[in-house]
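Take a look at the structure below.
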Amino acid sequence: AASEADAKLAEGTVKKIDKSAGKLTIAHGPLESLGMPAMTMVFRAAEPSLLDQVKVGDKIRFAVEKVGGALTVTSLEAAQ
């Protein structure tokens with residue numbers, strides 16, 4: 001059974017990492033928590049260290065929240 005935390009994680013593929021701007025581009029599936037369809041978009045990283053955990057082409061599971069009006073990746077992990 002999926003835990004509640006798992007249910008909030010979206011799946012996607014890292015397309016671009018911009019460490020100087022603290023952003024990453026993710027091609028993702030639907031973001032149920034935000035009511036968004038699947039698409040490719042740029043997200044802000046909540047912590048710069050998140051960008052060090054992934055490379056372009058990685059399949060990831062990630063959590064997104066609206067922080068100060070910007071869609072922000074608050075956690076991520078490699079997809080199994």
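In the structure tokens, the first chain shown is A, the next is B, and so on; residue numbers restart at 1 for each chain, and ligands run from 1 in the order shown.
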
For A:Val42: contacts at 9 Å, only C-alpha atoms, fewer than 4 positions along chain excluded, given as a list in words =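 Using only C-alpha atoms, the neighbours found are Lys16, Lys23, Leu24, Thr25, Ile26, Ala27 and Leu71 of chain A.
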
message = From a backbone DSSP assignment, name each residue in stretch 10-63 of chain A labelled strand (DSSP E or B), as a list in words.
response = Ala10, Glu11, Gly12, Thr13, Val14, Lys15, Lys16, Ile17, Asp18, Lys23, Leu24, Thr25, Ile26, Ala27, His28, Leu31, Met36, Met39, Thr40, Met41, Val42, Phe43, Arg44, Ala45, Lys59, Ile60, Arg61, Phe62 and Ala63 of chain A

Selection above as a file: N, CA, C and O atoms, as a CSV table (one decimal), in the first residue's frame:
```csv
chain,number,residue,atom,x,y,z
A,10,ALA,N,5.1,13.3,-7.5
A,10,ALA,CA,4.9,13.1,-8.9
A,10,ALA,C,6.1,12.5,-9.5
A,10,ALA,O,7.2,12.5,-8.9
A,11,GLU,N,5.9,11.9,-10.7
A,11,GLU,CA,7.1,11.3,-11.4
A,11,GLU,C,7.4,12.1,-12.6
A,11,GLU,O,6.6,12.7,-13.2
A,12,GLY,N,8.7,12.1,-12.9
A,12,GLY,CA,9.1,12.9,-14.0
A,12,GLY,C,10.6,12.6,-14.4
A,12,GLY,O,11.2,11.7,-13.8
A,13,THR,N,11.0,13.3,-15.5
A,13,THR,CA,12.4,13.1,-16.0
A,13,THR,C,13.1,14.5,-16.0
A,13,THR,O,12.5,15.4,-16.5
A,14,VAL,N,14.3,14.6,-15.4
A,14,VAL,CA,15.0,15.8,-15.4
A,14,VAL,C,15.5,16.1,-16.9
A,14,VAL,O,16.1,15.3,-17.5
A,15,LYS,N,15.1,17.3,-17.4
A,15,LYS,CA,15.5,17.7,-18.7
A,15,LYS,C,16.6,18.7,-18.7
A,15,LYS,O,17.4,18.8,-19.6
A,16,LYS,N,16.7,19.6,-17.7
A,16,LYS,CA,17.7,20.6,-17.6
A,16,LYS,C,17.9,21.0,-16.2
A,16,LYS,O,16.9,21.0,-15.4
A,17,ILE,N,19.1,21.4,-15.8
A,17,ILE,CA,19.4,21.8,-14.5
A,17,ILE,C,20.2,23.2,-14.6
A,17,ILE,O,21.1,23.3,-15.4
A,18,ASP,N,19.7,24.2,-13.9
A,18,ASP,CA,20.3,25.5,-14.0
A,18,ASP,C,20.7,25.9,-12.5
A,18,ASP,O,19.9,26.5,-11.8
A,23,LYS,N,17.2,26.4,-10.5
A,23,LYS,CA,16.0,25.8,-11.1
A,23,LYS,C,16.3,24.5,-11.9
A,23,LYS,O,17.4,24.3,-12.3
A,24,LEU,N,15.2,23.7,-12.0
A,24,LEU,CA,15.4,22.6,-12.9
A,24,LEU,C,14.1,22.4,-13.7
A,24,LEU,O,13.0,22.8,-13.3
A,25,THR,N,14.3,21.9,-14.9
A,25,THR,CA,13.2,21.6,-15.9
A,25,THR,C,12.9,20.1,-15.8
A,25,THR,O,13.8,19.3,-15.9
A,26,ILE,N,11.6,19.8,-15.6
A,26,ILE,CA,11.2,18.4,-15.4
A,26,ILE,C,10.0,18.2,-16.4
A,26,ILE,O,9.1,18.9,-16.4
A,27,ALA,N,10.1,17.1,-17.1
A,27,ALA,CA,9.0,16.5,-17.9
A,27,ALA,C,8.3,15.6,-17.0
A,27,ALA,O,8.8,14.6,-16.6
A,28,HIS,N,7.1,16.0,-16.5
A,28,HIS,CA,6.4,15.3,-15.5
A,28,HIS,C,5.0,14.8,-15.9
A,28,HIS,O,4.4,15.3,-16.8
A,31,LEU,N,0.3,16.4,-12.0
A,31,LEU,CA,0.5,16.8,-10.6
A,31,LEU,C,-0.8,16.9,-9.9
A,31,LEU,O,-1.5,17.9,-10.0
A,36,MET,N,-2.7,19.8,-12.1
A,36,MET,CA,-2.1,20.1,-13.4
A,36,MET,C,-1.9,18.9,-14.3
A,36,MET,O,-1.6,17.8,-13.7
A,39,MET,N,3.2,17.7,-18.4
A,39,MET,CA,3.8,18.7,-19.2
A,39,MET,C,5.3,18.8,-18.8
A,39,MET,O,5.7,18.1,-17.9
A,40,THR,N,6.0,19.6,-19.5
A,40,THR,CA,7.4,19.9,-19.2
A,40,THR,C,7.4,21.4,-18.7
A,40,THR,O,7.0,22.2,-19.4
A,41,MET,N,8.0,21.6,-17.5
A,41,MET,CA,8.1,22.9,-17.0
A,41,MET,C,9.3,23.1,-16.1
A,41,MET,O,9.9,22.2,-15.7
A,42,VAL,N,9.5,24.4,-15.8
A,42,VAL,CA,10.7,24.8,-15.0
A,42,VAL,C,10.1,25.0,-13.5
A,42,VAL,O,9.1,25.6,-13.3
A,43,PHE,N,10.9,24.4,-12.6
A,43,PHE,CA,10.5,24.6,-11.2
A,43,PHE,C,11.7,25.2,-10.5
A,43,PHE,O,12.9,24.9,-10.8
A,44,ARG,N,11.4,25.9,-9.4
A,44,ARG,CA,12.5,26.4,-8.5
A,44,ARG,C,12.8,25.3,-7.6
A,44,ARG,O,11.9,24.5,-7.2
A,45,ALA,N,14.0,25.2,-7.1
A,45,ALA,CA,14.4,24.2,-6.1
A,45,ALA,C,14.4,24.9,-4.8
A,45,ALA,O,14.9,26.0,-4.6
A,59,LYS,N,15.3,9.8,-14.0
A,59,LYS,CA,13.9,9.6,-13.7
A,59,LYS,C,13.8,9.9,-12.2
A,59,LYS,O,14.5,9.3,-11.4
A,60,ILE,N,12.9,10.7,-11.8
A,60,ILE,CA,12.7,11.1,-10.4
A,60,ILE,C,11.3,11.1,-9.9
A,60,ILE,O,10.4,11.0,-10.7
A,61,ARG,N,11.1,11.0,-8.6
A,61,ARG,CA,9.8,11.3,-7.9
A,61,ARG,C,10.1,12.5,-7.1
A,61,ARG,O,11.1,12.6,-6.5
A,62,PHE,N,9.1,13.4,-7.2
A,62,PHE,CA,9.3,14.7,-6.5
A,62,PHE,C,8.1,15.3,-5.9
A,62,PHE,O,7.0,15.0,-6.4
A,63,ALA,N,8.2,16.2,-5.0
A,63,ALA,CA,7.1,16.9,-4.4
A,63,ALA,C,7.2,18.4,-4.8
A,63,ALA,O,8.3,18.9,-4.8
```

task = Would you kindly return, as number ranges by chain, each protein, DNA or RNA residue with an atom no farther than 9 Å from any atom of A:Gln53, considering only C-alpha atoms and excluding same-chain residues fewer than 6 positions away?
result = A: 76-78

Write out as a tab-separated table (two decimals) with all heavy atoms, in the first residue's frame all residues of stretch 17-73 of chain A that DSSP puts in helix (DSSP H, G or I) for this structure's backbone.
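Now in selection-v5.tsv:
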```tsv
chain	number	residue	atom	x	y	z
A	32	GLU	N	-1.26	15.78	-9.37
A	32	GLU	CA	-2.60	15.66	-8.79
A	32	GLU	C	-2.86	16.74	-7.74
A	32	GLU	O	-3.92	17.35	-7.70
A	32	GLU	CB	-2.80	14.28	-8.16
A	32	GLU	CG	-2.53	13.11	-9.09
A	32	GLU	CD	-3.59	12.94	-10.17
A	32	GLU	OE1	-4.66	13.56	-10.06
A	32	GLU	OE2	-3.33	12.18	-11.11
A	33	SER	N	-1.87	16.98	-6.88
A	33	SER	CA	-2.06	17.92	-5.77
A	33	SER	C	-2.31	19.34	-6.26
A	33	SER	O	-2.91	20.14	-5.56
A	33	SER	CB	-0.87	17.88	-4.83
A	33	SER	OG	0.31	18.29	-5.51
A	34	LEU	N	-1.84	19.67	-7.47
A	34	LEU	CA	-2.01	21.01	-8.02
A	34	LEU	C	-3.03	21.04	-9.15
A	34	LEU	O	-3.27	22.09	-9.74
A	34	LEU	CB	-0.66	21.55	-8.53
A	34	LEU	CG	0.42	21.67	-7.46
A	34	LEU	CD1	1.76	21.97	-8.10
A	34	LEU	CD2	0.07	22.73	-6.43
A	48	PRO	N	19.35	24.57	-2.83
A	48	PRO	CA	20.31	24.34	-3.92
A	48	PRO	C	20.86	22.91	-3.92
A	48	PRO	O	21.17	22.37	-4.98
A	48	PRO	CB	21.43	25.35	-3.62
A	48	PRO	CG	20.78	26.41	-2.81
A	48	PRO	CD	19.68	25.73	-2.02
A	49	SER	N	20.93	22.29	-2.76
A	49	SER	CA	21.48	20.93	-2.68
A	49	SER	C	20.64	19.92	-3.45
A	49	SER	O	21.15	18.87	-3.87
A	49	SER	CB	21.62	20.50	-1.22
A	49	SER	OG	20.34	20.48	-0.60
A	50	LEU	N	19.35	20.21	-3.66
A	50	LEU	CA	18.50	19.30	-4.43
A	50	LEU	C	19.05	19.12	-5.85
A	50	LEU	O	18.95	18.04	-6.43
A	50	LEU	CB	17.06	19.82	-4.51
A	50	LEU	CG	16.24	19.78	-3.23
A	50	LEU	CD1	14.90	20.49	-3.43
A	50	LEU	CD2	16.02	18.36	-2.76
A	51	LEU	N	19.62	20.19	-6.40
A	51	LEU	CA	20.13	20.13	-7.77
A	51	LEU	C	21.37	19.25	-7.87
A	51	LEU	O	21.68	18.75	-8.96
A	51	LEU	CB	20.44	21.54	-8.28
A	51	LEU	CG	19.26	22.51	-8.28
A	51	LEU	CD1	19.70	23.88	-8.74
A	51	LEU	CD2	18.12	21.99	-9.13
A	52	ASP	N	22.06	19.05	-6.75
A	52	ASP	CA	23.27	18.20	-6.76
A	52	ASP	C	22.91	16.72	-6.72
A	52	ASP	O	23.77	15.87	-6.93
A	52	ASP	CB	24.16	18.54	-5.56
A	52	ASP	CG	24.71	19.96	-5.64
A	52	ASP	OD1	24.95	20.44	-6.76
A	52	ASP	OD2	24.89	20.58	-4.58
```

task = Could you please determine the separation between atom CA of A:Gly68 and atom CA of A:Ala46 in Å, to one decimal place?
result =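 Atom CA of A:Ala46 lies at a distance of 11.1 Å from atom CA of A:Gly68.
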
inquiry  = So the first atom is atom CA of A:Thr74 and the second is atom CA of A:Glu47; what is the distance between them in Å, to one decimal place?
reply    =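 Answer for the atom CA of A:Thr74 to atom CA of A:Glu47 separation: 7.5 Å.
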
query = Which value, in Å to one decimal, gives the distance between atom CA of A:Ala21 and atom CA of A:Asp58?
reply = 19.5 Å
